[in-house]
Each structure stands twice: as C-alpha cells, then as structure tokens.
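**Student:** I am attaching a structure below and will ask some questions about it afterwards.
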Amino acid sequence: MALLTKGQLELLFLAVCYTALLILRNSYTEITQWPWCLLPQGFLLVGSFLALRQWRSLGQPFDILVGFTLVGMVGTAWLSPDPMRSWWYLTMIGGYFGVLYGVAGTIQESLLPFLSCSQAVLCVASLNQYGQEVALPQWRAGGGLIGMNNVYPLGHHNFVSGFLALTVPITLFLLIQRRGWQRLGWLLIFALGCLTLYTTQSRGGWAGVALGCAVTFLIVVPLNRRTLFGLTVTAVVVGVVGWTSITTSNNKSQMLLQGRDISAEQRFVYWQTGVALWRDHPFFGVGQGVTGYIFPRYRTDISPWMSRTAQQLHSTPFHLLAETGAWGLIAYFAWIGTCTYLLWKLRNYPEIAALAGGLAGYGVSSLTDFQLENPAISITLVLMVAELVRMNGSSRPSPRPLAAFGLLLFVTVAVGWIRIDQAWWESTLAFRHLGDYALFHQHIVKAESLDPTQPYYPLQRAQKALDESRAHPETRLALLAEASQAADRAIRILPTDPLTLTNGGWLHFYRRDYQGAAAIFQRAVANDPSTTAKAQLGMGLSLMAQNMPKAALLHLLREILYFPDTWWDERWESETLKPYKPQLAKQALAYYDNLLTRYPGDLDFLYQQAMLLMWIGQDAKALQKLDSASQTQIFLPDQPVAIRLPWRALPSYVLGLRVQLLHHLGRSLEVQSTLAVLKKTDSTISTCVESALAHPQELHERTFLANGQDYFLLRRIGGQTISYFEPLHAKTWEAMDCLHFGQDGRNGRLPL
C-alpha cells in the first residue's frame, strides 16, 4: 500500500471504481443502468474532490493545455445544436481532468504495476465472461467461433483491444525489468493479455499491441545481434498468431482475403462525413455527443448499410475534428506533442519505455476507432499521464484563490448529477410498474420534471400512452393526445433525430392530423432519407390521406425498397393502398432489373424480386426467379461497397420462400420434400415456416428496433431500448417473421 501514502481513502475508492469498470459485464452499457450509473459519477467526483483537497498544479505545459482544452470545449458546448448534451459531455471531460489533478498531486510511487495488474483483472473477467456467454455455448452447440468477437467486459471488442494496446506494453516492460518469481507473474499477465487480444479478433488492436511492444522492447533492450534475432522471432510469432486470429476466426477477415472486406471503405465514408461536419462548424465542431443525431444529413454515401446513423466516426482525429472543430484537434495534437516531448526529456528513466509503448500502441489503435467515450479507456489514459507528471516532478502547490472557483464548479456538477440520478431512479420505478399505467405515468413524469432536457423520458411516456390507447379503446383519444404531446416535447428537445421525428409523426397520423404528420415526417426524411424504418411509409400514408397519391407513391416505393418487411403489412390490403400495389411492384421490379443487368445472378436481388412477385400473386414467376439465382457470389472491381457484402438471402431463406411458393401453387409433395431439406439446413426457420403454413391468418406484430445512438444520454436507467412506435402488422403467413433480414428490416445490400 506504499502507493497510497496520501489521500488513502480517496485513492482506494478510485481504485475500486476503476476495477469495477474493468470487470462489470458490458460496463459501457451497464453504467447507464441503476445503480451502476453511480460508478463513473462517483469516480469523477471523488477524483475532483481529491484535486480540490490537494490543490496542486500539474506544472507546465500541462496546466496551459488543460486550460486551452477546456476553453475549447466550453465554446463547443455553447454553440452546439444540442447544448445540454454537450455540456454534460464537457462535465465528464472536466471530471477526467479533475481526476488527473487529484491523482498526480497525490501519488508518490509508480502506477505501472497497478496498471499491469488492472490488465490482469480485465483479462480474467474478459475470458471468463467470453467463455460463459459465447465460447462454451457455441462449442456445445457444435459450432465454431467464427465471427464471435470477445466484447467482454467493456462492451465492444475494439474497446477491449484498445485497453490492451495501452497496458500490454507496460506488462512487457515489467516482465523484462523484474527478476526471479516476479518475472513469472508478469509473464502470466502478459500471456493473459495476448490470449484476450486473440479472442477480440481486432486487427487494429493487434497492430497497436505489436507496435507498442516493439517500442517498449527497443527502448529497454540494447539492440545487438542477439536481441535483433529475438525481436525478429517474436515478430514472426506475433504476426502468425495475429494473422491466425483475424483470418481463421473472423468473418470480416475472411472477407478481406476474398476481396470483399469493406472496413476501409466504411471508415472512409465516416471520415468524409466527419470532414463535412467540420466544414460547417470549423472552429468548435458540432458539439460533443451530437454526431449520431446529425450524421445522416451529412453522410457522403447514401447506401443504407454504409450510411446508418453513426455514434462515432471510427477515428479519434476525425471524430474530434467533427465534434470539437479545429480547436479540439489542435488540443489533441498538443497533448500528443507534450507527452512525446516529456518522454524524450525523461528518456533516461527506464519506466519511459512502458509509457512510450502504451501510448504509441494506443495511438495506432485510435487511428481507426474512437474509444475516448468509454470511461475505462479514458481513465487509463489519465492514469498514464499522471504517471508521466509524477516522473517529471512538475506538480506544485497552486494559488488558493482559484480553489473557490473549483469548489463552485464541483458543487454545481454534484447537484446536477444528484437531480439526474433522482430522475434515473424514478425511471427505474416507472419500469417496475409497466402493468400499472397510472404508477408508470406518475414516475416517468417525475423523472421528466427532474431532468427536463432529456428526450428519453417524454419518448417513453409517449410509447406507454400509445400502448395503453391500443389496449383501451374507450380512452383512446385522450391517451393519443397525451402521447402526441409527449413526443412533440421530445422533438423540441432533439429536433434533428430521425427516430424521434418519425415516432412523433406517427402519433399525429394516429390522431388524423395528416398535415401535421406529413410536416414532421418530412423533417425526418430530410434528416435521414434511407435508414429510419417507417419514415417514408408514414410520409406516403400522410400524403395519401390528403388525397395526394402522386407525391405519396414516391415515398411508398422508397419504403418497400429500403425495408422489404413493409411489403407484408396488412394495410397494403386496404382499399386505399391495394390498387397501387401492382404499380409499385412494377417500379420496384424494374429497379432490381436494372441492378441485375449490371450484376447478373445476384441472389439478394433475385430473392427480393421473387418476394415482390409473390406479393402481387405471381407465384410461378417468383419460382422462376429463384431457379435462376446464382449459387456463388461473383465480385467485380467496380461493384459498390454494399454489393460486395455477403448475400443476405441465406440458403435457408431461399428454401423457406420456395416452400411458400410451392404451397401457393398447390404442389404439396414438393412442399414436404423442400421442408425436409430446410429442416436439415435451419431447423428454426423450418419450424417458423411450418407454423405459418398451419396458421395463415394469425396476426404477427413485430417492432423495429432503433440503433443505439448515445448510451449516456438517450438510453436511460431502468428503461428499455427505444423502438419505433409503428410496428409491422401482418396477417398472412408470408410475413417476414420467418425470412426477414434483421431486426431493423433493412435491405442491407441495396446500393442507392
């Protein structure tokens, strides 16, 4: 415990919170649930309190850098289109700086052993959770681990590999430096790190760890013939193991070998979009945490799969450029330059090798991913900078008059978080009473009053009121009015989010306010024309209700192209829409004909054409389409990114559709033989199709799930993931319940 010579209680608390973040399953998402939300808050508040109690500077140029960074972040939040969201992100950034001042002003001995032991804790938790949740069940089921990236415990495999890029070089340094039995301990931790990295199957992670370890090794060990040979052998072993990890156990890497990997193109789209965001907001960016809500308006590629709403831009420099502008990017490079300068200045200290390796490794990993939103990653970086400050010996007592200002900020943030936590608790209570609308409403309204800048609460109030209106026709109008009022409030809070706008539009539609619904749907479509389910459908139906069929048909066509599940909605059999089915199907078929001219034999396109033909009752032609489908995918250099994705129409989908068509045509013997083949191919889909055949008029309702956009401020405690208010209503067994493309129903390979 020599590490805790001052501020023992605070440092111990910080260590416990940090460790909890490293072992809590899916901690990145769990910290948005009660009571785990208190974990990062407590860490930042206690760290900042420690800074206030010690009140020591970091020394120059760190103090200037902190001030420069915070000034820029204040400007960013001030000008943000969603300022409350950005202010709270700024609060977290300020909290990290508070922890930096608190830890750097308190520690007396090296943090490197602590960081390496933290890696051991994470690796044990990661391998245990991965084994229980993925590896063992998959193995027992007789399957391999293809594509099963280890996301535990930080919530994403890139987060895990990013953490390892920071810490594995530190462990390597301790392994080289220590002697005797201690070396065995560090060797075990190093091996655990490599094994965990293997299970993440992260290419960027492997590159980061390999570079970081090479930097550490080259600094620590004198370069001679013997060490050069050892380094070469190690590099070969690491390369072989890494290549094996990312090629034999990962679908993406197998696609890379087949020339179908789209990761580079995907990131290029994100980076281009980040530059477009920056051009409109050059000095301070669009605001911290705002990217996900305005991304669709700025995307540079309109393929649905590639242009989905993005929470981050998959590159730290590009993400910071977009959200914090030139000021933030300058601050970022200033921090890198300062740390690099100090590493060179302190090059005679052996520990520099560990920090240089960790920071270099993470620098490489961060080029293709943005991970600063994960508290475990950010805190680890803070601790490494604190270690650098300790080694530099630059921490000094600060002028006390500034402490009053710091205390005021601390109290303001603490009081604000208390209110937010109260709202989270009320939300938790609300969702404990889902079966009692009065109690749910009471608690969710209380949560909304405590945190009035949060769109989640009115959206969930609207969703529950809508559900209640469907269950109680006698109070339907009053409940719909309540739901619509709540959704309108959410729109005022978050006016650029396509999901919020789409849900608000449907509530106006349900109230027969077709003009108001069309106006809101128009805003949703303007923000996101192709990746938000039911937006184009709502726009089309709203225009149709106003007797504007020509304008409506364009939106209806887009909906059935973007979201094939929509075809089987029962409303297409209504008097309003049924007359337009043949016309829309003809236009959609022509669209696919054009694609098939360029990409002949593409299974997905033929599959969609077969579904459209079955939709309008031309079963024999649909069967001919399936018979003409290619059995192997061909890739051409000029194919769009989306086309190079794997076929989404799995063999089991094709067999299931064939069963349905044969059933329509009355070919019962072929139905049974095809079902037998399907049962061997995919028993789940086989059971689903058989059930659909047995109950052709049973109502199926399926809700589209929304993409998570902001774990901290949209997906609140105690509640559910927000979904689209307008579900799919299907009464025929041809419903896509059995053969759909995924939870969002999107046509993932359509190059629009």
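Numbering starts fresh at 1 for the residues of each chain in the structure tokens, the chains themselves are lettered A, B, ... in the order given, and ligands are numbered from 1 as they appear.
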Tell me which protein, DNA and RNA residues are within 10 Å of Asn503 (chain A), counting only C-alpha atoms, leaving out same-chain ones fewer than 5 positions away, and put them as a list in words.
**Tutor:**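 So the residues in contact are Leu459, Ala462, Gln463, Ser484, Ala487, Asp488, Ala490, Ile491, Pro498, His508, Phe509, Ala517, Ile520, Phe521, Ala524, Lys534, Ala535, Gly538, Ser723, Tyr724, Phe725 and Glu726 of chain A.
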**Student:** Go ahead and dump the residues you just picked, N, CA and C atoms, as an mmCIF file, in the first residue's frame.
**Tutor:**
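New file part_28.cif:
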data_model
loop_
_atom_site.group_PDB
_atom_site.id
_atom_site.type_symbol
_atom_site.label_atom_id
_atom_site.label_comp_id
_atom_site.auth_asym_id
_atom_site.auth_seq_id
_atom_site.Cartn_x
_atom_site.Cartn_y
_atom_site.Cartn_z
ATOM 1 N N LEU A 459 -40.276 10.454 -24.660
ATOM 2 C CA LEU A 459 -40.466 9.412 -25.674
ATOM 3 C C LEU A 459 -41.055 8.151 -25.058
ATOM 4 N N ALA A 462 -44.625 8.740 -24.190
ATOM 5 C CA ALA A 462 -45.443 8.638 -25.399
ATOM 6 C C ALA A 462 -45.674 7.183 -25.790
ATOM 7 N N GLN A 463 -44.622 6.373 -25.724
ATOM 8 C CA GLN A 463 -44.747 4.958 -26.103
ATOM 9 C C GLN A 463 -45.747 4.228 -25.221
ATOM 10 N N SER A 484 -48.992 12.161 -28.055
ATOM 11 C CA SER A 484 -48.529 13.119 -29.053
ATOM 12 C C SER A 484 -47.885 14.337 -28.404
ATOM 13 N N ALA A 487 -44.413 13.268 -27.319
ATOM 14 C CA ALA A 487 -43.492 13.131 -28.449
ATOM 15 C C ALA A 487 -43.096 14.499 -29.007
ATOM 16 N N ASP A 488 -44.061 15.424 -29.065
ATOM 17 C CA ASP A 488 -43.734 16.776 -29.536
ATOM 18 C C ASP A 488 -42.708 17.433 -28.623
ATOM 19 N N ALA A 490 -40.385 15.818 -26.950
ATOM 20 C CA ALA A 490 -39.104 15.186 -27.272
ATOM 21 C C ALA A 490 -38.516 15.780 -28.547
ATOM 22 N N ILE A 491 -39.379 16.096 -29.515
ATOM 23 C CA ILE A 491 -38.900 16.690 -30.762
ATOM 24 C C ILE A 491 -38.302 18.072 -30.512
ATOM 25 N N PRO A 498 -33.827 11.499 -36.450
ATOM 26 C CA PRO A 498 -34.857 10.898 -37.316
ATOM 27 C C PRO A 498 -35.819 9.981 -36.555
ATOM 28 N N HIS A 508 -49.106 11.907 -34.659
ATOM 29 C CA HIS A 508 -50.002 12.847 -35.331
ATOM 30 C C HIS A 508 -50.867 12.122 -36.355
ATOM 31 N N PHE A 509 -50.300 11.125 -37.031
ATOM 32 C CA PHE A 509 -51.065 10.350 -38.011
ATOM 33 C C PHE A 509 -52.207 9.602 -37.329
ATOM 34 N N ALA A 517 -48.690 15.471 -39.429
ATOM 35 C CA ALA A 517 -47.855 14.272 -39.550
ATOM 36 C C ALA A 517 -46.910 14.391 -40.734
ATOM 37 N N ILE A 520 -43.930 16.628 -40.026
ATOM 38 C CA ILE A 520 -42.902 16.011 -39.174
ATOM 39 C C ILE A 520 -42.164 14.916 -39.932
ATOM 40 N N PHE A 521 -42.901 14.107 -40.682
ATOM 41 C CA PHE A 521 -42.238 13.064 -41.476
ATOM 42 C C PHE A 521 -41.278 13.682 -42.487
ATOM 43 N N ALA A 524 -38.144 14.276 -40.811
ATOM 44 C CA ALA A 524 -37.426 13.009 -40.577
ATOM 45 C C ALA A 524 -36.728 12.540 -41.849
ATOM 46 N N LYS A 534 -40.001 3.141 -41.371
ATOM 47 C CA LYS A 534 -41.353 3.688 -41.286
ATOM 48 C C LYS A 534 -41.457 5.190 -41.519
ATOM 49 N N ALA A 535 -40.339 5.886 -41.761
ATOM 50 C CA ALA A 535 -40.424 7.324 -42.035
ATOM 51 C C ALA A 535 -41.043 7.567 -43.411
ATOM 52 N N GLY A 538 -44.716 6.472 -43.401
ATOM 53 C CA GLY A 538 -45.578 7.458 -42.761
ATOM 54 C C GLY A 538 -45.812 8.671 -43.640
ATOM 55 N N SER A 723 -37.835 1.866 -29.392
ATOM 56 C CA SER A 723 -38.146 1.243 -30.673
ATOM 57 C C SER A 723 -39.108 2.153 -31.432
ATOM 58 N N TYR A 724 -39.364 1.815 -32.693
ATOM 59 C CA TYR A 724 -40.280 2.620 -33.495
ATOM 60 C C TYR A 724 -41.706 2.387 -33.037
ATOM 61 N N PHE A 725 -42.458 3.480 -32.992
ATOM 62 C CA PHE A 725 -43.820 3.385 -32.476
ATOM 63 C C PHE A 725 -44.748 2.602 -33.391
ATOM 64 N N GLU A 726 -44.437 2.567 -34.664
ATOM 65 C CA GLU A 726 -45.317 1.911 -35.619
ATOM 66 C C GLU A 726 -44.777 0.526 -35.953
#
**Student:** Using only C-alpha atoms, determine which residues lie at most 6 Å from region 346-356 of chain A, disregarding the query and same-chain residues fewer than 3 positions distant; provide the list as a PyMOL selection string.
**Tutor:** chain A and resi 169-170+173+216+219+342-343+359-360
**Student:** Could the residues in this selection be written to a file with all heavy atoms, as an mmCIF file, in the first residue's frame?
**Tutor:**
data_model
loop_
_atom_site.group_PDB
_atom_site.id
_atom_site.type_symbol
_atom_site.label_atom_id
_atom_site.label_comp_id
_atom_site.auth_asym_id
_atom_site.auth_seq_id
_atom_site.Cartn_x
_atom_site.Cartn_y
_atom_site.Cartn_z
ATOM 1 N N PRO A 169 2.033 -3.314 -23.383
ATOM 2 C CA PRO A 169 3.441 -2.870 -23.375
ATOM 3 C C PRO A 169 3.966 -2.578 -21.970
ATOM 4 O O PRO A 169 5.158 -2.795 -21.692
ATOM 5 C CB PRO A 169 3.408 -1.598 -24.234
ATOM 6 C CG PRO A 169 2.243 -1.788 -25.139
ATOM 7 C CD PRO A 169 1.220 -2.495 -24.306
ATOM 8 N N ILE A 170 3.108 -2.103 -21.073
ATOM 9 C CA ILE A 170 3.524 -1.878 -19.681
ATOM 10 C C ILE A 170 3.877 -3.204 -19.022
ATOM 11 O O ILE A 170 4.898 -3.329 -18.325
ATOM 12 C CB ILE A 170 2.406 -1.164 -18.901
ATOM 13 C CG1 ILE A 170 2.179 0.233 -19.474
ATOM 14 C CG2 ILE A 170 2.729 -1.089 -17.415
ATOM 15 C CD1 ILE A 170 1.007 0.983 -18.858
ATOM 16 N N PHE A 173 7.197 -4.415 -20.253
ATOM 17 C CA PHE A 173 8.291 -3.712 -19.584
ATOM 18 C C PHE A 173 8.581 -4.337 -18.215
ATOM 19 O O PHE A 173 9.752 -4.598 -17.871
ATOM 20 C CB PHE A 173 7.930 -2.238 -19.419
ATOM 21 C CG PHE A 173 8.819 -1.499 -18.464
ATOM 22 C CD1 PHE A 173 10.094 -1.088 -18.850
ATOM 23 C CD2 PHE A 173 8.412 -1.236 -17.163
ATOM 24 C CE1 PHE A 173 10.933 -0.420 -17.962
ATOM 25 C CE2 PHE A 173 9.236 -0.565 -16.273
ATOM 26 C CZ PHE A 173 10.501 -0.158 -16.668
ATOM 27 N N THR A 216 8.501 -0.580 -26.728
ATOM 28 C CA THR A 216 8.987 -0.855 -25.370
ATOM 29 C C THR A 216 10.241 -1.712 -25.399
ATOM 30 O O THR A 216 11.238 -1.420 -24.713
ATOM 31 C CB THR A 216 7.890 -1.564 -24.554
ATOM 32 O OG1 THR A 216 6.763 -0.690 -24.434
ATOM 33 C CG2 THR A 216 8.381 -1.930 -23.165
ATOM 34 N N ILE A 219 13.385 0.149 -26.608
ATOM 35 C CA ILE A 219 13.899 1.131 -25.661
ATOM 36 C C ILE A 219 14.604 0.447 -24.497
ATOM 37 O O ILE A 219 15.665 0.888 -24.039
ATOM 38 C CB ILE A 219 12.765 2.028 -25.137
ATOM 39 C CG1 ILE A 219 12.208 2.889 -26.281
ATOM 40 C CG2 ILE A 219 13.249 2.929 -23.999
ATOM 41 C CD1 ILE A 219 11.012 3.725 -25.887
ATOM 42 N N LEU A 342 7.950 15.078 -23.305
ATOM 43 C CA LEU A 342 8.349 14.647 -21.960
ATOM 44 C C LEU A 342 8.951 13.242 -21.975
ATOM 45 O O LEU A 342 9.870 12.943 -21.212
ATOM 46 C CB LEU A 342 7.152 14.700 -21.012
ATOM 47 C CG LEU A 342 6.779 16.094 -20.501
ATOM 48 C CD1 LEU A 342 5.586 16.025 -19.585
ATOM 49 C CD2 LEU A 342 7.959 16.736 -19.773
ATOM 50 N N LEU A 343 8.436 12.384 -22.836
ATOM 51 C CA LEU A 343 9.025 11.043 -22.946
ATOM 52 C C LEU A 343 10.485 11.149 -23.395
ATOM 53 O O LEU A 343 11.353 10.408 -22.908
ATOM 54 C CB LEU A 343 8.220 10.196 -23.935
ATOM 55 C CG LEU A 343 6.825 9.759 -23.470
ATOM 56 C CD1 LEU A 343 6.047 9.132 -24.613
ATOM 57 C CD2 LEU A 343 6.920 8.770 -22.307
ATOM 58 N N LEU A 359 1.415 4.331 -25.066
ATOM 59 C CA LEU A 359 0.831 5.453 -25.782
ATOM 60 C C LEU A 359 0.981 5.305 -27.295
ATOM 61 O O LEU A 359 0.071 5.654 -28.056
ATOM 62 C CB LEU A 359 1.473 6.761 -25.304
ATOM 63 C CG LEU A 359 1.158 7.148 -23.847
ATOM 64 C CD1 LEU A 359 1.964 8.367 -23.430
ATOM 65 C CD2 LEU A 359 -0.330 7.409 -23.666
ATOM 66 N N ALA A 360 2.117 4.759 -27.734
ATOM 67 C CA ALA A 360 2.303 4.544 -29.174
ATOM 68 C C ALA A 360 1.327 3.489 -29.693
ATOM 69 O O ALA A 360 0.726 3.644 -30.765
ATOM 70 C CB ALA A 360 3.743 4.120 -29.457
#
**Student:** In Å, rounded to a single decimal, give me how far CA of Lys625 (chain A) is from CA of Arg558 (chain A).
**Tutor:** 22.2 Å
**Student:** Compile the contact shell of region 437-451 of chain A as a VMD selection string: residues with an atom at most 7 Å away, counting only C-alpha atoms, same-chain residues fewer than 6 positions apart removed.
**Tutor:** chain A and resid 419 to 420 423 to 424 426 to 427 429 to 431 457 to 458 461
**Student:** Please write the residues from the selection above to a file, keeping C-alpha atoms, as a PDB file, in the first residue's frame.
**Tutor:**
ATOM      1  CA  ARG A 419     -31.030  15.512  -9.877  1.00  0.00           C
ATOM      2  CA  ILE A 420     -30.176  13.316 -12.839  1.00  0.00           C
ATOM      3  CA  ALA A 423     -34.634  11.048 -12.448  1.00  0.00           C
ATOM      4  CA  TRP A 424     -32.933   7.733 -13.236  1.00  0.00           C
ATOM      5  CA  GLU A 426     -37.851   7.478 -10.893  1.00  0.00           C
ATOM      6  CA  SER A 427     -37.450   5.922 -14.345  1.00  0.00           C
ATOM      7  CA  LEU A 429     -39.562   2.748 -10.578  1.00  0.00           C
ATOM      8  CA  ALA A 430     -41.663   3.544 -13.635  1.00  0.00           C
ATOM      9  CA  PHE A 431     -40.491   0.456 -15.479  1.00  0.00           C
ATOM     10  CA  TYR A 457     -38.463  10.345 -20.746  1.00  0.00           C
ATOM     11  CA  PRO A 458     -41.113  12.002 -22.944  1.00  0.00           C
ATOM     12  CA  ARG A 461     -44.132   8.388 -21.849  1.00  0.00           C
TER      13      ARG A 461
END
**Student:** Can you work out which one of A:Leu136, A:Leu553, A:Leu175, A:Leu606 has the shortest atom-to-atom distance to Tyr580 (chain A), counting only C-alpha atoms?
**Tutor:**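 Between A:Leu136, A:Leu553, A:Leu175, A:Leu606, the residue approaching Tyr580 (chain A) most closely is A:Leu553.
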